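Beneath this line is the structure, given in structure tokens, with notes to follow.
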Number of protein chains: 2
Amino acid sequence: MRKVYVVGVGFTKIGRFFDKGLRELFAEAAIKALDDIGGENVQALVVGNMMSSSLGEQDNLGAVLADYAGLGGIPAFKVEAACGSGGVAVYTGYSLVASGLFDIVMVGGVEKQTEYPTRIVSKGLAQASDAEYELFYGISFTGLNALVMRKYMETYGISRDEMSVWPVLMHKNASKNPYAQLPFEVTIEQVSNSMLIADPIRLLDSSPIGDGAAALVLASEKYARKLSDTPVEIAGVGLATDHIYIAYRDDLLKLKATIDASKVAYRMAKVEPSQIDVVEEHDAFTILGYMNLEDLGFSERGKTPKEIAEGRFHPGDKPTVNPSGGLKARGHPVGATGVYQVAEVAMQLRGDYPGVKVNGEIGLAQSIGGLGTTVSVIILRR
Amino acid sequence: MRKVYVVGVGFTKIGRFFDKGLRELFAEAAIKALDDIGGENVQALVVGNMMSSSLGEQDNLGAVLADYAGLGGIPAFKVEAACGSGGVAVYTGYSLVASGLFDIVMVGGVEKQTEYPTRIVSKGLAQASDAEYELFYGISFTGLNALVMRKYMETYGISRDEMSVWPVLMHKNASKNPYAQLPFEVTIEQVSNSMLIADPIRLLDSSPIGDGAAALVLASEKYARKLSDTPVEIAGVGLATDHIYIAYRDDLLKLKATIDASKVAYRMAKVEPSQIDVVEEHDAFTILGYMNLEDLGFSERGKTPKEIAEGRFHPGDKPTVNPSGGLKARGHPVGATGVYQVAEVAMQLRGDYPGVKVNGEIGLAQSIGGLGTTVSVIILRR
């Protein structure tokens, strides 16, 4: 298989942009990524997005974005795997270069949420769950995660305040990230006493609703050095799915798709979890922050909250987890998030990440669609 | 680049199935395709679909369909390029095998339209146009095609009755296709006098609203002969985009993306249009039936209606065009259509197509998303 490298990155600040639509946001990120490769032309575009169809009335999004960003009539299309769309876009872009179809491919992710009423956005996000067996009965996506959080706390005997260390760490990291949606610190007391959304999930357990776009340029080995002084290799890619209807799963406290996808990616990259220096993982809710680290092989079941309270996974530790602030505080522009993650990890490895810095050689990005229904794991190496 | 073959095919009849949802329809097609390869396991799934998000309240469709069809937790995701989603799914599946990531990949397409009111489906389909510059002002997708049809008729001086030969040929071909939605013949008089939808487009100029699903199994060279006695090579693939907003285009009577995508596919397959034995092209409306043949290099601008009236492109001619009956009469289950086309062409080349048969070695499938906004061209060789 041909080797594939990240040679260009670009992303917008995440926030509420009433003056920018899908195409303006994407163009901003795309132009940054093109600047990063010295203005070279890209040959194809893959876009990750969840809700342009259900909220934005826009299908054919790949062509729309390629056109508006001035990329000409290049091959372009959208991939969708709910909140994991961005990670799947990176996966698809990888295959377009690895196959030999193209040498230089842009992978984008974009989401526009803030111009719609919250109840409409919540309904859109709930389409990540099973439309016939979950959504139909009225449960929200937060509600599904709340079932898992309660079971985790009861199974492992973890108190509310013990759970609250995740958002505290994420907000602290995000406070250094100029692109973060929520760049401010919070305390355990603030998390534990924030508004109840779906018991036991509180406001500060939840990633915010935000707009944003990210773009990567991927290149074959032949072009990587021409386009970048610091190309970062995509050393492993894994993708897996699970039953969408969570009642069908054997164990609610594991995301089997994360375990499966990470095994494939670790094997392909020939690395162990202990070798990973930096991780960006998909903490849409506090509970996922912990479970992801357990599923990826970084910590033991039920022990992660306590470990984090003791300093594990903080800046300076190996791996450092979510130096960006994660979905929780960097923000979660749904279909763009997986692309942000890979861009952030690539910047960490090449040394120009603008927030909390990690000095390392190997990084991992994990992106989830639905409640662990579709999971991608991408391993990068300097 | 690794060679890729079509080794299994399966599709449902197209129609109004009030008792079958997205997952039931897809499973029916997938099981047929799996039977076609002797029940071997597939390693990944790519699904083409346009409207599960906007109409069906279901995102994360790849995982949903993989689960329901019993494919296990394999990598699975959806690609979307409006009405061209199926062709893009084939393109993406091709790259997953060509890259070496997988040896056996299923490509599916599915659409469910008939359970929604027509005005909702029309709105969903119109999302293939520019949401901000076309859809916003109230034009339907049929309305956009009507502008082009009028210009074609006026530019080339073609009468209403002369335009009507396309639906007549398509319905005649479909009358032999047991999977067609509209398997009956029509006359020029019936077409020319059918209900006016968007002047000059009439009811019998338009592809019907229908439900359906199709599946292919693609395999690498190593596995192709193991899984099929009659593997069909994917000899060329091309994908291109154009301005979505048709007011930005230089010439309304050419679909530039078809021209661009076909050039790439012809070059890759090392064939000329004159060598193609069978074509399945994207005749969502009568006008597209003609323009596609001109853009693909099979006939001269403005002369196609007259040529068809004289017997060109009919069964027995080279190429035979849309022996299935095309979108017009086989039907157009939007995101599935591009997968049907490739399955039909593959069956023609291997000799087991159940409708109008074409004896040949090389076939071409062209699939369009939007009004020529995203076009894929796939060339198959026996």
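Numbering starts fresh at 1 for the residues of each chain in the structure tokens, the chains themselves are lettered A, B, ... in the order given, and ligands are numbered from 1 as they appear.
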For stretch 188-191 of chain A, please output as a tab-separated table (two decimals) with C-alpha atoms, in the first residue's frame all residues within 8 Å (counting only C-alpha atoms; exclusion window: fewer than 3 positions along the same chain).
chain	number	residue	atom	x	y	z
A	161	ASP	CA	-17.59	14.95	41.98
A	164	SER	CA	-16.31	15.99	37.17
A	165	VAL	CA	-12.54	15.93	36.71
A	167	PRO	CA	-14.53	18.70	32.09
A	168	VAL	CA	-12.14	20.49	34.47
A	194	SER	CA	-24.37	22.85	36.47
A	202	ARG	CA	-25.18	18.05	33.32
A	203	LEU	CA	-24.52	21.04	31.10
A	204	LEU	CA	-20.78	21.02	31.77
A	205	ASP	CA	-20.59	17.29	30.97
For chain B versus chain A, which residues have an atom no more than 6 Å away, and what is each residue's nearest atom pair and distance in Å rounded to one decimal, using only C-alpha atoms, chain-then-number order, as a Markdown table?
| residue | atom | partner | partner_atom | distance |
| --- | --- | --- | --- | --- |
| B:Met1 | CA | A:Gly100 | CA | 5.8 |
| B:Ser53 | CA | A:Ser54 | CA | 5.4 |
| B:Ser54 | CA | A:Ser54 | CA | 4.4 |
| B:Glu57 | CA | A:Gln127 | CA | 5.5 |
| B:Gln58 | CA | A:Gln127 | CA | 5.0 |
| B:Asp59 | CA | A:Gln127 | CA | 5.2 |
| B:Asn60 | CA | A:Ala81 | CA | 4.4 |
| B:Ala63 | CA | A:Thr241 | CA | 5.7 |
| B:Asp67 | CA | A:His243 | CA | 5.8 |
| B:Gly73 | CA | A:Thr241 | CA | 4.5 |
| B:Ile74 | CA | A:Ala240 | CA | 5.3 |
| B:Pro75 | CA | A:Ala240 | CA | 4.3 |
| B:Phe77 | CA | A:Ala81 | CA | 5.7 |
| B:Lys78 | CA | A:Glu80 | CA | 5.2 |
| B:Val79 | CA | A:Val79 | CA | 4.3 |
| B:Glu80 | CA | A:Lys78 | CA | 5.2 |
| B:Ala81 | CA | A:Asn60 | CA | 4.4 |
| B:Ala82 | CA | A:Asn60 | CA | 5.0 |
| B:Ser95 | CA | A:Ser99 | CA | 5.7 |
| B:Leu96 | CA | A:Ser95 | CA | 5.8 |
| B:Ala98 | CA | A:Ser99 | CA | 5.0 |
| B:Ser99 | CA | A:Ser99 | CA | 3.4 |
| B:Gly100 | CA | A:Met1 | CA | 5.8 |
| B:Gln127 | CA | A:Gln58 | CA | 5.0 |
| B:Ala128 | CA | A:Asp59 | CA | 5.2 |
| B:Ala131 | CA | A:Gln58 | CA | 5.3 |
| B:Leu239 | CA | A:Pro75 | CA | 5.0 |
| B:Ala240 | CA | A:Pro75 | CA | 4.3 |
| B:Thr241 | CA | A:Gly73 | CA | 4.5 |
| B:Asp242 | CA | A:Gly73 | CA | 4.9 |
| B:His243 | CA | A:Asp67 | CA | 5.8 |
How about saving the chosen residues, C-alpha atoms kept, as an mmCIF file, in the first residue's frame?
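Produced file part_28.cif, reproduced below:
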data_model
loop_
_atom_site.group_PDB
_atom_site.id
_atom_site.type_symbol
_atom_site.label_atom_id
_atom_site.label_comp_id
_atom_site.auth_asym_id
_atom_site.auth_seq_id
_atom_site.Cartn_x
_atom_site.Cartn_y
_atom_site.Cartn_z
ATOM 1 C CA MET B 1 -2.933 0.357 -8.947
ATOM 2 C CA SER B 53 -31.130 12.191 6.526
ATOM 3 C CA SER B 54 -33.669 14.634 5.155
ATOM 4 C CA GLU B 57 -34.559 10.705 10.141
ATOM 5 C CA GLN B 58 -31.679 8.223 9.929
ATOM 6 C CA ASP B 59 -28.018 9.180 9.850
ATOM 7 C CA ASN B 60 -25.157 6.767 10.425
ATOM 8 C CA ALA B 63 -23.650 1.119 10.282
ATOM 9 C CA ASP B 67 -25.969 -4.363 11.153
ATOM 10 C CA GLY B 73 -19.213 -4.867 12.827
ATOM 11 C CA ILE B 74 -17.393 -4.249 9.557
ATOM 12 C CA PRO B 75 -16.236 -0.777 8.478
ATOM 13 C CA PHE B 77 -20.270 4.397 5.942
ATOM 14 C CA LYS B 78 -22.504 6.408 3.638
ATOM 15 C CA VAL B 79 -21.468 8.609 0.752
ATOM 16 C CA GLU B 80 -23.717 11.310 -0.600
ATOM 17 C CA ALA B 81 -23.688 13.208 -3.870
ATOM 18 C CA ALA B 82 -27.448 13.725 -4.258
ATOM 19 C CA SER B 95 -10.695 2.934 -4.043
ATOM 20 C CA LEU B 96 -11.046 0.819 -0.871
ATOM 21 C CA ALA B 98 -7.548 -0.622 -5.177
ATOM 22 C CA SER B 99 -5.735 0.812 -2.142
ATOM 23 C CA GLY B 100 -5.171 -2.606 -0.618
ATOM 24 C CA GLN B 127 -31.737 19.707 -2.135
ATOM 25 C CA ALA B 128 -29.612 18.465 -5.049
ATOM 26 C CA ALA B 131 -29.848 25.673 -1.354
ATOM 27 C CA LEU B 239 -15.502 11.555 -11.196
ATOM 28 C CA ALA B 240 -15.924 15.293 -11.722
ATOM 29 C CA THR B 241 -17.941 18.246 -10.426
ATOM 30 C CA ASP B 242 -19.239 21.523 -11.837
ATOM 31 C CA HIS B 243 -20.741 24.760 -10.493
#
List every residue of stretch 18-131 of chain A that has an atom at most 10 Å from any atom of stretch 342-352 of chain A, and for each one report the closest atom pair and its distance in Å to one decimal, counting only C-alpha atoms, with rows sorted by chain and then by increasing residue number, as a tab-separated table.
residue	atom	partner	partner_atom	distance
A:Ala33	CA	A:Ala343	CA	9.8
A:Gly86	CA	A:Val342	CA	9.3
A:Gly87	CA	A:Val342	CA	8.1
A:Val90	CA	A:Val342	CA	8.1
Show me, as a PDB file with C-alpha atoms, in the first residue's frame, the residues that have an atom within 8 Å of stretch 217-232 of chain A when counting only C-alpha atoms, minus same-chain residues fewer than 2 positions from it.
ATOM      1  CA  ARG A   2       1.267   3.485  -0.864  1.00  0.00           C
ATOM      2  CA  LYS A   3       2.221   5.644   2.107  1.00  0.00           C
ATOM      3  CA  VAL A   4       0.067   8.684   2.815  1.00  0.00           C
ATOM      4  CA  TYR A   5       1.077  11.871   4.625  1.00  0.00           C
ATOM      5  CA  VAL A   6      -0.638  14.892   6.135  1.00  0.00           C
ATOM      6  CA  VAL A   7       1.050  17.850   4.457  1.00  0.00           C
ATOM      7  CA  GLY A   8      -1.370  20.713   5.090  1.00  0.00           C
ATOM      8  CA  VAL A   9      -3.833  21.722   7.802  1.00  0.00           C
ATOM      9  CA  ALA A  33      -4.773  24.374   4.328  1.00  0.00           C
ATOM     10  CA  LEU A  34      -3.880  25.416   0.770  1.00  0.00           C
ATOM     11  CA  ASP A  36       0.013  25.537   4.243  1.00  0.00           C
ATOM     12  CA  ILE A  37       1.124  23.701   1.073  1.00  0.00           C
ATOM     13  CA  GLY A  38       2.200  26.842  -0.738  1.00  0.00           C
ATOM     14  CA  GLU A  40      -0.488  23.919  -4.745  1.00  0.00           C
ATOM     15  CA  VAL A  42      -5.472  19.606  -4.862  1.00  0.00           C
ATOM     16  CA  GLY A  93      -9.235  10.461   1.722  1.00  0.00           C
ATOM     17  CA  TYR A  94      -6.499   8.096   2.869  1.00  0.00           C
ATOM     18  CA  VAL A  97      -4.291   8.492  -2.073  1.00  0.00           C
ATOM     19  CA  ALA A  98      -3.229   4.983  -1.031  1.00  0.00           C
ATOM     20  CA  ASP A 103      -1.479  12.178  -5.217  1.00  0.00           C
ATOM     21  CA  ILE A 104      -2.918  15.227  -3.446  1.00  0.00           C
ATOM     22  CA  VAL A 105      -6.340  15.083  -1.781  1.00  0.00           C
ATOM     23  CA  MET A 106      -8.111  17.558   0.480  1.00  0.00           C
ATOM     24  CA  VAL A 107     -10.183  16.200   3.352  1.00  0.00           C
ATOM     25  CA  ALA A 215      -9.294  20.871   6.268  1.00  0.00           C
ATOM     26  CA  ILE A 234      -0.664   8.352   8.470  1.00  0.00           C
ATOM     27  CA  ALA A 346      -0.458  16.462  13.006  1.00  0.00           C
ATOM     28  CA  LEU A 349       3.883  16.122  15.865  1.00  0.00           C
ATOM     29  CA  ARG A 350       5.322  18.748  13.541  1.00  0.00           C
ATOM     30  CA  LEU A 380       0.014   9.549  12.898  1.00  0.00           C
ATOM     31  CA  ARG A 381       3.802   9.405  13.059  1.00  0.00           C
ATOM     32  CA  ARG A 382       6.337  12.193  12.652  1.00  0.00           C
TER      33      ARG A 382
END
Residues flagged helix (DSSP H, G or I) by DSSP in stretch 11-95 of chain B, as a VMD selection string: chain B and resid 22 to 36 61 to 68 85 to 95
Do a neighbour search on stretch 14-19 of chain A at 7 Å with only C-alpha atoms, toss out local chain neighbours closer than 2 positions, and write the hits as a PDB file with N, CA and C atoms, in the first residue's frame.
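Output file part_9.pdb follows:
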ATOM      1  N   THR A  12     -11.003  26.687  11.353  1.00  0.00           N
ATOM      2  CA  THR A  12     -11.557  27.941  11.865  1.00  0.00           C
ATOM      3  C   THR A  12     -11.668  27.866  13.381  1.00  0.00           C
ATOM      4  N   GLY A  21     -22.071  30.770   6.606  1.00  0.00           N
ATOM      5  CA  GLY A  21     -22.745  29.510   6.325  1.00  0.00           C
ATOM      6  C   GLY A  21     -21.738  28.398   6.113  1.00  0.00           C
ATOM      7  N   THR A 114     -25.587  26.631  14.681  1.00  0.00           N
ATOM      8  CA  THR A 114     -26.104  27.632  15.618  1.00  0.00           C
ATOM      9  C   THR A 114     -27.234  28.483  15.064  1.00  0.00           C
ATOM     10  N   GLU A 115     -27.515  28.422  13.758  1.00  0.00           N
ATOM     11  CA  GLU A 115     -28.597  29.264  13.268  1.00  0.00           C
ATOM     12  C   GLU A 115     -29.972  28.605  13.421  1.00  0.00           C
ATOM     13  N   TYR A 179      -8.418  28.545  19.163  1.00  0.00           N
ATOM     14  CA  TYR A 179      -9.515  28.135  18.274  1.00  0.00           C
ATOM     15  C   TYR A 179     -10.687  27.521  19.042  1.00  0.00           C
ATOM     16  N   ALA A 180     -10.556  27.410  20.366  1.00  0.00           N
ATOM     17  CA  ALA A 180     -11.572  26.712  21.161  1.00  0.00           C
ATOM     18  C   ALA A 180     -12.851  27.526  21.278  1.00  0.00           C
ATOM     19  N   GLN A 181     -13.971  26.808  21.349  1.00  0.00           N
ATOM     20  CA  GLN A 181     -15.252  27.479  21.546  1.00  0.00           C
ATOM     21  C   GLN A 181     -15.423  27.938  22.992  1.00  0.00           C
ATOM     22  N   GLY A 210     -21.829  24.065  18.147  1.00  0.00           N
ATOM     23  CA  GLY A 210     -21.002  25.100  17.531  1.00  0.00           C
ATOM     24  C   GLY A 210     -20.834  24.910  16.038  1.00  0.00           C
ATOM     25  N   ASP A 211     -20.371  25.961  15.390  1.00  0.00           N
ATOM     26  CA  ASP A 211     -20.069  25.938  13.957  1.00  0.00           C
ATOM     27  C   ASP A 211     -18.555  25.881  13.782  1.00  0.00           C
ATOM     28  N   GLY A 212     -18.115  25.206  12.729  1.00  0.00           N
ATOM     29  CA  GLY A 212     -16.684  25.192  12.456  1.00  0.00           C
ATOM     30  C   GLY A 212     -16.365  24.356  11.236  1.00  0.00           C
ATOM     31  N   GLY A 331     -14.666  22.238  21.426  1.00  0.00           N
ATOM     32  CA  GLY A 331     -15.929  22.306  20.725  1.00  0.00           C
ATOM     33  C   GLY A 331     -16.118  21.110  19.820  1.00  0.00           C
TER      34      GLY A 331
END
Selection: 10 Å around A:Leu364, only C-alpha atoms, excl. self and same-chain fewer than 5 positions, as a list in words: Ile234, Ala235, Gly236, Val237, Ser262, Ala265, Tyr266, Pro273, Ile276, Asp277, Val278, Val279, Glu280, Glu281, Leu296, Pro319, Val321, Gln341, Val342, Val345, Ala346, Val377, Ile378, Ile379, Leu380 and Arg381 of chain A
